[in-house]
file protein06.pdb (PDB, C-alpha atoms)
MODEL        1
ATOM      1  CA  PRO A 907     160.610  98.950-114.987
ATOM      2  CA  PRO A 908     157.133  98.010-113.821
ATOM      3  CA  ARG A 909     155.896  94.513-114.407
ATOM      4  CA  ARG A 910     153.698  94.125-117.419
ATOM      5  CA  GLY A 911     150.551  92.100-117.557
ATOM      6  CA  PRO A 912     147.549  91.498-119.792
ATOM      7  CA  PHE A 913     145.959  94.722-118.561
ATOM      8  CA  MET A 914     148.655  96.807-120.298
ATOM      9  CA  LYS A 915     148.592  97.938-123.901
ATOM     10  CA  GLY A 916     151.737  96.158-124.910
ATOM     11  CA  ALA A 917     155.424  95.669-124.317
ATOM     12  CA  GLY A 918     156.199  99.228-125.348
ATOM     13  CA  ASP A 919     153.814 100.847-122.904
ATOM     14  CA  SER A 920     153.987 100.499-119.157
ATOM     15  CA  GLN A 921     150.569 102.225-118.472
ATOM     16  CA  PRO A 922     147.235 100.367-118.125
ATOM     17  CA  ALA A 923     144.945 100.318-121.151
ATOM     18  CA  VAL A 924     142.214 102.976-121.203
ATOM     19  CA  TRP A 925     138.666 101.592-120.786
ATOM     20  CA  ARG A 926     136.437 102.538-123.693
ATOM     21  CA  TRP A 927     132.637 102.469-123.999
ATOM     22  CA  PRO A 928     131.121 101.025-126.010
ATOM     23  CA  PRO A 929     133.496  98.044-125.991
ATOM     24  CA  CYS A 930     133.398  97.803-129.760
ATOM     25  CA  GLU A 931     135.757  98.799-132.512
ATOM     26  CA  ILE A 932     134.409 100.803-135.405
ATOM     27  CA  GLY A 933     133.415  98.565-138.261
ATOM     28  CA  TYR A 934     132.706  95.519-136.076
ATOM     29  CA  SER A 935     129.391  94.108-134.884
ATOM     30  CA  CYS A 936     128.412  95.157-131.346
ATOM     31  CA  PRO A 937     125.362  93.156-130.078
ATOM     32  CA  MET A 938     125.525  94.689-126.587
ATOM     33  CA  LEU A 939     125.450  98.210-127.986
ATOM     34  CA  ARG A 940     122.483  97.353-130.185
ATOM     35  CA  PHE A 941     120.653  95.839-127.207
ATOM     36  CA  PHE A 942     121.105  98.904-125.023
ATOM     37  CA  SER A 943     120.219 101.244-127.884
ATOM     38  CA  ILE A 944     116.967  99.409-128.596
ATOM     39  CA  ALA A 945     116.069  99.304-124.891
ATOM     40  CA  ALA A 946     116.705 103.026-124.518
ATOM     41  CA  LEU A 947     114.597 103.779-127.588
ATOM     42  CA  ALA A 948     111.738 101.670-126.205
ATOM     43  CA  LEU A 949     111.845 103.563-122.926
ATOM     44  CA  ILE A 950     111.791 106.909-124.704
ATOM     45  CA  LEU A 951     108.874 105.897-126.938
ATOM     46  CA  GLY A 952     106.971 104.492-123.962
ATOM     47  CA  ALA A 953     107.460 107.653-121.956
ATOM     48  CA  SER A 954     106.355 109.761-124.911
ATOM     49  CA  ALA A 955     103.186 107.703-125.353
ATOM     50  CA  ALA A 956     102.358 107.971-121.657
ATOM     51  CA  ALA A 957     102.948 111.713-121.718
ATOM     52  CA  SER A 958     100.619 112.125-124.689
ATOM     53  CA  GLU A 959      97.686 110.631-122.725
ATOM     54  CA  PRO A 960      96.300 113.191-120.280
ATOM     55  CA  SER A 961      95.952 111.887-116.741
ATOM     56  CA  PRO A 962      92.543 112.162-115.062
ATOM     57  CA  LYS A 963      91.832 115.385-113.231
ATOM     58  CA  TYR A 964      91.042 114.007-109.806
ATOM     59  CA  THR A 965      90.231 117.425-108.323
ATOM     60  CA  SER A 966      88.494 120.190-110.292
ATOM     61  CA  LEU A 967      88.251 123.717-108.931
ATOM     62  CA  LYS A 968      86.421 126.574-110.651
ATOM     63  CA  ASN A 969      85.583 129.841-108.976
ATOM     64  CA  ASP A 970      84.087 132.957-110.567
ATOM     65  CA  GLU A 971      81.407 135.564-109.925
ATOM     66  CA  LEU A 972      78.643 132.992-110.459
ATOM     67  CA  LEU A 973      79.825 129.730-108.933
ATOM     68  CA  ASP A 974      82.321 128.156-106.570
ATOM     69  CA  PHE A 975      82.670 124.620-107.962
ATOM     70  CA  ARG A 976      84.677 121.742-106.545
ATOM     71  CA  TYR A 977      84.585 118.111-107.629
ATOM     72  CA  SER A 978      86.989 115.389-106.524
ATOM     73  CA  PHE A 979      87.293 111.629-106.683
ATOM     74  CA  PRO A 980      89.926 109.081-105.572
ATOM     75  CA  THR A 981      92.744 107.876-107.814
ATOM     76  CA  LEU A 982      91.312 104.332-107.633
ATOM     77  CA  VAL A 983      88.640 105.457-110.092
ATOM     78  CA  GLY A 984      91.303 106.048-112.748
ATOM     79  CA  SER A 985      92.119 102.317-112.784
ATOM     80  CA  TYR A 986      88.711 101.494-114.289
ATOM     81  CA  PRO A 987      88.069 103.332-117.583
ATOM     82  CA  GLU A 988      84.309 102.788-117.618
ATOM     83  CA  LEU A 989      83.983 103.963-114.028
ATOM     84  CA  LEU A 990      86.187 106.975-114.767
ATOM     85  CA  SER A 991      83.972 107.900-117.738
ATOM     86  CA  ARG A 992      80.880 107.716-115.578
ATOM     87  CA  ILE A 993      82.360 109.909-112.838
ATOM     88  CA  GLU A 994      83.673 112.451-115.355
ATOM     89  CA  ALA A 995      80.242 112.586-117.006
ATOM     90  CA  ASP A 996      78.652 113.282-113.624
ATOM     91  CA  ARG A 997      81.192 116.046-113.034
ATOM     92  CA  SER A 998      80.397 117.633-116.386
ATOM     93  CA  VAL A 999      76.620 117.503-115.873
ATOM     94  CA  SER A1000      76.941 118.773-112.302
ATOM     95  CA  TYR A1001      78.965 121.782-113.398
ATOM     96  CA  THR A1002      76.666 122.643-116.300
ATOM     97  CA  GLU A1003      73.532 122.446-114.165
ATOM     98  CA  ALA A1004      75.101 124.389-111.292
ATOM     99  CA  VAL A1005      76.442 127.252-113.410
ATOM    100  CA  ASP A1006      73.189 127.498-115.402
ATOM    101  CA  GLY A1007      71.221 127.708-112.163
ATOM    102  CA  ALA A1008      73.517 130.398-110.801
ATOM    103  CA  ARG A1009      73.217 132.416-114.005
ATOM    104  CA  ARG A1010      69.413 132.250-113.957
ATOM    105  CA  ASP A1011      69.387 133.316-110.305
ATOM    106  CA  ALA A1012      71.665 136.282-111.003
ATOM    107  CA  GLU A1013      69.549 137.407-113.977
ATOM    108  CA  SER A1014      66.244 137.113-112.133
ATOM    109  CA  ARG A1015      67.521 139.107-109.141
ATOM    110  CA  ALA A1016      68.720 141.888-111.427
ATOM    111  CA  GLU A1017      65.514 142.111-113.496
ATOM    112  CA  GLU A1018      62.589 141.360-111.195
ATOM    113  CA  PRO A1019      61.635 143.886-108.525
ATOM    114  CA  PRO A1020      62.521 144.189-105.814
ATOM    115  CA  VAL A1021      66.138 143.936-106.917
ATOM    116  CA  THR A1022      68.100 141.854-104.417
ATOM    117  CA  SER A1023      71.789 141.072-104.095
ATOM    118  CA  PHE A1024      73.085 137.972-105.826
ATOM    119  CA  HIS A1025      75.366 135.712-103.851
ATOM    120  CA  PRO A1026      77.552 133.248-105.795
ATOM    121  CA  HIS A1027      76.342 129.673-105.680
ATOM    122  CA  ASP A1028      78.360 126.723-104.357
ATOM    123  CA  PHE A1029      78.590 123.155-105.592
ATOM    124  CA  TRP A1030      81.048 120.830-103.859
ATOM    125  CA  ARG A1031      81.076 117.081-104.443
ATOM    126  CA  ASP A1032      83.698 114.704-103.083
ATOM    127  CA  TRP A1033      83.811 110.957-103.681
ATOM    128  CA  THR A1034      85.605 108.641-101.254
ATOM    129  CA  VAL A1035      86.160 104.886-101.162
ATOM    130  CA  ALA A1036      84.032 103.205 -98.500
ATOM    131  CA  GLY A1037      85.624  99.869 -99.315
ATOM    132  CA  GLN A1038      86.320  97.418-102.082
ATOM    133  CA  THR A1039      86.343  93.669-102.621
ATOM    134  CA  ASP A1040      87.483  91.431-105.451
ATOM    135  CA  ARG A1041      84.147  92.076-107.173
ATOM    136  CA  LEU A1042      82.847  95.442-105.915
ATOM    137  CA  ILE A1043      83.920  99.015-105.163
ATOM    138  CA  ALA A1044      81.736 101.162-102.890
ATOM    139  CA  LEU A1045      82.081 104.887-103.565
ATOM    140  CA  ARG A1046      80.388 107.337-101.256
ATOM    141  CA  SER A1047      79.693 110.933-102.256
ATOM    142  CA  HIS A1048      79.211 114.001-100.093
ATOM    143  CA  THR A1049      77.658 117.001-101.838
ATOM    144  CA  GLU A1050      77.130 120.526-100.535
ATOM    145  CA  ARG A1051      75.100 123.120-102.419
ATOM    146  CA  PHE A1052      74.238 126.751-101.915
ATOM    147  CA  THR A1053      71.718 128.195-104.380
ATOM    148  CA  GLY A1054      71.015 131.591-102.889
ATOM    149  CA  GLY A1055      68.626 130.706-100.089
ATOM    150  CA  ALA A1056      68.840 131.160 -96.346
ATOM    151  CA  HIS A1057      71.411 128.378 -96.102
ATOM    152  CA  GLY A1058      72.968 125.639 -98.164
ATOM    153  CA  ASN A1059      72.136 121.965 -98.081
ATOM    154  CA  ARG A1060      74.056 118.710 -98.116
ATOM    155  CA  ASN A1061      73.328 115.194 -99.233
ATOM    156  CA  SER A1062      75.003 111.827 -99.482
ATOM    157  CA  GLY A1063      75.184 109.330-102.313
ATOM    158  CA  LEU A1064      76.444 105.869-103.163
ATOM    159  CA  MET A1065      77.761 104.207-106.288
ATOM    160  CA  VAL A1066      78.628 100.524-106.220
ATOM    161  CA  TRP A1067      80.885  99.488-109.106
ATOM    162  CA  ASP A1068      80.775  95.898-110.297
ATOM    163  CA  LYS A1069      84.256  95.213-111.680
ATOM    164  CA  GLU A1070      83.175  92.061-113.500
ATOM    165  CA  ARG A1071      80.136  93.575-115.212
ATOM    166  CA  LYS A1072      81.783  97.005-115.587
ATOM    167  CA  ALA A1073      78.564  98.578-114.411
ATOM    168  CA  ALA A1074      77.280 100.858-111.663
ATOM    169  CA  LEU A1075      74.800  99.364-109.211
ATOM    170  CA  THR A1076      72.454 100.760-106.617
ATOM    171  CA  PHE A1077      72.539  99.338-103.110
ATOM    172  CA  ASP A1078      69.206  97.614-103.731
ATOM    173  CA  ALA A1079      70.629  95.837-106.799
ATOM    174  CA  LEU A1080      72.857  93.763-104.511
ATOM    175  CA  PHE A1081      69.859  92.061-102.932
ATOM    176  CA  ILE A1082      67.182  89.591-103.849
ATOM    177  CA  ASP A1083      64.599  92.077-102.568
ATOM    178  CA  ARG A1084      64.663  95.356-100.655
ATOM    179  CA  ALA A1085      62.052  94.335 -98.085
ATOM    180  CA  GLY A1086      64.225  91.421 -97.030
ATOM    181  CA  TYR A1087      67.350  93.312 -96.008
ATOM    182  CA  TRP A1088      65.397  96.228 -94.490
ATOM    183  CA  SER A1089      63.460  93.848 -92.251
ATOM    184  CA  VAL A1090      66.790  92.713 -90.785
ATOM    185  CA  ILE A1091      67.992  96.161 -89.671
ATOM    186  CA  LYS A1092      64.798  98.241 -89.411
ATOM    187  CA  ASP A1093      64.035  97.685 -85.716
ATOM    188  CA  ASP A1094      67.601  98.335 -84.569
ATOM    189  CA  TYR A1095      67.869 101.352 -86.846
ATOM    190  CA  CYS A1096      64.659 102.867 -85.536
ATOM    191  CA  LYS A1097      65.729 102.334 -81.920
ATOM    192  CA  ASP A1098      69.148 103.920 -82.507
ATOM    193  CA  LEU A1099      67.711 106.799 -84.558
ATOM    194  CA  ILE A1100      65.184 107.688 -81.861
ATOM    195  CA  ALA A1101      67.901 107.561 -79.200
ATOM    196  CA  GLU A1102      70.071 109.938 -81.213
ATOM    197  CA  ARG A1103      67.156 112.304 -81.912
ATOM    198  CA  VAL A1104      66.359 112.415 -78.213
ATOM    199  CA  ARG A1105      69.982 113.229 -77.495
ATOM    200  CA  ARG A1106      69.966 116.095 -79.998
ATOM    201  CA  THR A1107      66.427 117.469 -79.769
ATOM    202  CA  PHE A1108      64.481 115.611 -77.025
ATOM    203  CA  ASP A1109      62.135 114.418 -79.788
ATOM    204  CA  ALA A1110      61.329 110.701 -79.598
ATOM    205  CA  ILE A1111      59.504 110.470 -82.940
ATOM    206  CA  ALA A1112      60.996 108.886 -86.072
ATOM    207  CA  ASP A1113      59.603 107.351 -89.250
ATOM    208  CA  CYS A1114      61.464 104.116 -89.949
ATOM    209  CA  SER A1115      58.902 102.451 -92.192
ATOM    210  CA  SER A1116      60.973 102.588 -95.383
ATOM    211  CA  PRO A1117      64.577 103.144 -96.506
ATOM    212  CA  LYS A1118      63.308 105.187 -99.470
ATOM    213  CA  ASP A1119      65.086 108.451 -98.617
ATOM    214  CA  LEU A1120      67.996 106.897 -96.762
ATOM    215  CA  VAL A1121      71.461 106.218 -98.183
ATOM    216  CA  LEU A1122      72.905 102.843 -97.240
ATOM    217  CA  VAL A1123      76.641 102.376 -97.694
ATOM    218  CA  PRO A1124      78.578  99.099 -97.369
ATOM    219  CA  VAL A1125      81.856  99.759 -95.548
ATOM    220  CA  ASP A1126      85.051  97.745 -95.117
ATOM    221  CA  THR A1127      86.222  98.971 -91.726
ATOM    222  CA  ASP A1128      89.387  96.857 -91.514
ATOM    223  CA  SER A1129      90.507  97.039 -95.177
ATOM    224  CA  ASN A1130      90.507  93.277 -95.659
ATOM    225  CA  TRP A1131      88.550  93.310 -98.947
ATOM    226  CA  ALA A1132      85.166  92.420 -97.443
ATOM    227  CA  PHE A1133      82.302  94.671 -96.361
ATOM    228  CA  ASP A1134      81.566  94.180 -92.679
ATOM    229  CA  THR A1135      79.402  97.184 -91.767
ATOM    230  CA  ILE A1136      76.407  99.004 -93.229
ATOM    231  CA  HIS A1137      76.123 102.753 -92.637
ATOM    232  CA  VAL A1138      72.570 104.117 -92.791
ATOM    233  CA  ILE A1139      72.605 107.843 -93.564
ATOM    234  CA  ALA A1140      69.687 110.225 -93.120
ATOM    235  CA  ASP A1141      70.579 113.602 -94.598
ATOM    236  CA  PRO A1142      69.052 116.885 -93.336
ATOM    237  CA  TYR A1143      65.242 116.980 -93.682
ATOM    238  CA  VAL A1144      65.043 113.173 -93.965
ATOM    239  CA  ALA A1145      64.901 112.244 -90.280
ATOM    240  CA  GLY A1146      64.584 115.708 -88.799
ATOM    241  CA  ALA A1147      64.946 119.437 -89.331
ATOM    242  CA  TYR A1148      67.930 120.975 -91.105
ATOM    243  CA  VAL A1149      69.460 122.135 -87.829
ATOM    244  CA  GLU A1150      69.632 118.534 -86.614
ATOM    245  CA  GLY A1151      72.210 117.726 -89.265
ATOM    246  CA  THR A1152      72.927 114.309 -90.720
ATOM    247  CA  TYR A1153      72.150 111.111 -88.874
ATOM    248  CA  GLU A1154      74.541 108.244 -89.614
ATOM    249  CA  ILE A1155      74.130 104.914 -87.863
ATOM    250  CA  ALA A1156      76.316 101.855 -88.416
ATOM    251  CA  PHE A1157      75.242  98.210 -88.241
ATOM    252  CA  PRO A1158      77.475  95.130 -88.326
ATOM    253  CA  VAL A1159      76.833  92.646 -91.114
ATOM    254  CA  ASP A1160      75.320  89.394 -89.836
ATOM    255  CA  ALA A1161      74.224  86.094 -91.332
ATOM    256  CA  ALA A1162      70.613  87.207 -91.710
ATOM    257  CA  PHE A1163      71.701  90.231 -93.734
ATOM    258  CA  ILE A1164      73.944  88.174 -96.009
ATOM    259  CA  SER A1165      71.123  85.698 -96.669
ATOM    260  CA  HIS A1166      69.220  88.415 -98.563
ATOM    261  CA  LEU A1167      72.133  89.206-100.894
ATOM    262  CA  LYS A1168      72.196  87.855-104.430
ATOM    263  CA  PRO A1169      74.452  84.777-104.534
ATOM    264  CA  GLU A1170      77.093  86.456-106.718
ATOM    265  CA  TYR A1171      77.663  89.197-104.136
ATOM    266  CA  ARG A1172      77.696  87.218-100.894
ATOM    267  CA  SER A1173      81.445  86.624-100.971
ATOM    268  CA  SER A1174      81.972  90.409-100.878
ATOM    269  CA  PHE A1175      80.538  90.597 -97.353
ATOM    270  CA  GLU A1176      81.655  89.082 -94.066
ATOM    271  CA  ILE A1177      79.937  88.534 -90.757
ATOM    272  CA  GLN A1178      81.041  90.993 -88.109
ATOM    273  CA  PRO A1179      81.436  89.648 -84.557
ATOM    274  CA  GLN A1180      78.560  90.908 -82.403
TER
ENDMDL
END
call {"tool": "encode", "arguments": {"input": "protein06.pdb", "output": "structure tokens"}}
result
Amino acid sequence: PPRRGPFMKGAGDSQPAVWRWPPCEIGYSCPMLRFFSIAALALILGASAAASEPSPKYTSLKNDELLDFRYSFPTLVGSYPELLSRIEADRSVSYTEAVDGARRDAESRAEEPPVTSFHPHDFWRDWTVAGQTDRLIALRSHTERFTGGAHGNRNSGLMVWDKERKAALTFDALFIDRAGYWSVIKDDYCKDLIAERVRRTFDAIADCSSPKDLVLVPVDTDSNWAFDTIHVIADPYVAGAYVEGTYEIAFPVDAAFISHLKPEYRSSFEIQPQ
């Protein structure tokens, strides 16, 4: 007969004991079973709670006889509830205004002589991350619109999010004064803008007196959590005719530029080697 050991049921049985789960006899306390049961219940409840909260809609697409609408933003936005609320509010307002404008255009073309064909309007806005630091997130927007004219138009935008204050800032709000930082880059910007205009159109004229209609975007080019470059964007009609397109010129951050920042934001920028 086979040798018997502690793994067998007993002297009268030469087969190994059958493994049972849970390792508890009915009527006895089973702490391990209770532990796993509670853990499983917690996981189920947690998953149910997460499922009950709708996730942000990072890309919205709506297309009908009036409007082709697209609005997107990066998943990073969903990590900051106040920022998410602000972006979603902008999406809602943008859609309402765009569809109302398209409806008015369609009605006026149908009622006022001479009757002309209505072409659906377009509104496309996409947000991208230009960079982020421990304190700030720079979100850049690109918007394209068609409202029934000879051609559409496009424009750029910037939102700087202050994580500590939970507030949106303009580019100017980062600085002690606007005149200070513009004086640092104005001459180089004007020189580069004129050179690019000459390349495109042979026109050597440019108005660089003020950044009023320009969009300035801080960019982290090497993803090391510090802004090292400033992109200066002149959308169509700002620096030239529509056919010239958008002018975008980049400048490295230097010590003079950083000196005009408010003290609380200086650590978010780094000097770029010249």
call {"tool": "resolve_selection", "arguments": {"input": "protein06.pdb", "expression": "the PyMOL selection byres ((chain A and resi 1120) around 8)", "output": "VMD selection string"}}
result
chain A and resid 1117 to 1119 1121 to 1122 1138 to 1141 1144
call {"tool": "write_last_selection", "arguments": {"input": "protein06.pdb", "atoms": "C-alpha atoms", "output": "compact mmCIF listing (two decimals), in the coordinates of the input"}}
result
# COMPACT_ATOMS: atom_id res chain seq x y z
CA PRO A 1117 64.58 103.14 -96.51
CA LYS A 1118 63.31 105.19 -99.47
CA ASP A 1119 65.09 108.45 -98.62
CA VAL A 1121 71.46 106.22 -98.18
CA LEU A 1122 72.90 102.84 -97.24
CA VAL A 1138 72.57 104.12 -92.79
CA ILE A 1139 72.60 107.84 -93.56
CA ALA A 1140 69.69 110.22 -93.12
CA ASP A 1141 70.58 113.60 -94.60
CA VAL A 1144 65.04 113.17 -93.96
call {"tool": "atom_distance", "arguments": {"input": "protein06.pdb", "atom1": "atom CA of A:Leu982", "atom2": "atom CA of A:Trp1131"}}
result
14.3 Å
call {"tool": "closest_residue", "arguments": {"input": "protein06.pdb", "among": "A:Asn1059, A:Ala1085, A:Gly1054, A:Trp1067", "to": "A:Ala1147", "atoms": "all atoms listed in the file"}}
result
A:Asn1059
call {"tool": "atom_distance", "arguments": {"input": "protein06.pdb", "atom1": "atom CA of A:Asp1160", "atom2": "atom CA of A:Ile1091"}}
result
10.0 Å
call {"tool": "residues_around", "arguments": {"input": "protein06.pdb", "residues": "stretch 1103-1108 of chain A", "least_positions_apart": "3", "cutoff": "12 Å", "atoms": "all atoms listed in the file", "output": "JSON list (two decimals) with C-alpha atoms, keeping the file's coordinate frame"}}
result
[["chain", "number", "residue", "atom", "x", "y", "z"],
["A", 1096, "CYS", "CA", 64.66, 102.87, -85.54],
["A", 1097, "LYS", "CA", 65.73, 102.33, -81.92],
["A", 1098, "ASP", "CA", 69.15, 103.92, -82.51],
["A", 1099, "LEU", "CA", 67.71, 106.80, -84.56],
["A", 1100, "ILE", "CA", 65.18, 107.69, -81.86],
["A", 1111, "ILE", "CA", 59.50, 110.47, -82.94],
["A", 1112, "ALA", "CA", 61.00, 108.89, -86.07],
["A", 1113, "ASP", "CA", 59.60, 107.35, -89.25],
["A", 1140, "ALA", "CA", 69.69, 110.22, -93.12],
["A", 1145, "ALA", "CA", 64.90, 112.24, -90.28],
["A", 1146, "GLY", "CA", 64.58, 115.71, -88.80],
["A", 1147, "ALA", "CA", 64.95, 119.44, -89.33],
["A", 1148, "TYR", "CA", 67.93, 120.98, -91.10],
["A", 1149, "VAL", "CA", 69.46, 122.14, -87.83],
["A", 1150, "GLU", "CA", 69.63, 118.53, -86.61],
["A", 1151, "GLY", "CA", 72.21, 117.73, -89.26],
["A", 1152, "THR", "CA", 72.93, 114.31, -90.72],
["A", 1153, "TYR", "CA", 72.15, 111.11, -88.87],
["A", 1154, "GLU", "CA", 74.54, 108.24, -89.61],
["A", 1155, "ILE", "CA", 74.13, 104.91, -87.86]]
call {"tool": "residues_around", "arguments": {"input": "protein06.pdb", "residues": "A:Ala1004", "least_positions_apart": "6", "cutoff": "9 Å", "atoms": "only C-alpha atoms", "output": "PDB file with C-alpha atoms, keeping the file's coordinate frame"}}
result
ATOM      1  CA  LEU A 973      79.825 129.730-108.933  1.00  0.00           C
ATOM      2  CA  PHE A 975      82.670 124.620-107.962  1.00  0.00           C
ATOM      3  CA  HIS A1027      76.342 129.673-105.680  1.00  0.00           C
ATOM      4  CA  ASP A1028      78.360 126.723-104.357  1.00  0.00           C
ATOM      5  CA  PHE A1029      78.590 123.155-105.592  1.00  0.00           C
ATOM      6  CA  ARG A1051      75.100 123.120-102.419  1.00  0.00           C
ATOM      7  CA  THR A1053      71.718 128.195-104.380  1.00  0.00           C
TER       8      THR A1053
END
call {"tool": "residues_around", "arguments": {"input": "protein06.pdb", "residues": "A:Thr1022", "least_positions_apart": "2", "cutoff": "12 Å", "atoms": "all atoms listed in the file", "output": "MDAnalysis selection string"}}
result
chainID A and resid 1011:1020 1024:1025 1054:1055
call {"tool": "atom_distance", "arguments": {"input": "protein06.pdb", "atom1": "atom CA of A:Arg1041", "atom2": "atom CA of A:Met1065"}}
result
13.7 Å
call {"tool": "resolve_selection", "arguments": {"input": "protein06.pdb", "expression": "the PyMOL selection byres ((chain A and resi 1170) around 12)", "output": "list of chain:residue names"}}
result
A:Asp1040, A:Arg1041, A:Leu1042, A:Asp1068, A:Glu1070, A:Arg1071, A:Ala1079, A:Leu1080, A:Phe1081, A:Ile1082, A:Ile1164, A:Ser1165, A:His1166, A:Leu1167, A:Lys1168, A:Pro1169, A:Tyr1171, A:Arg1172, A:Ser1173, A:Ser1174, A:Phe1175
call {"tool": "closest_residue", "arguments": {"input": "protein06.pdb", "among": "A:Val1125, A:Val1005, A:Val1066, A:Ile1177", "to": "A:Asp974", "atoms": "all atoms listed in the file"}}
result
A:Val1005
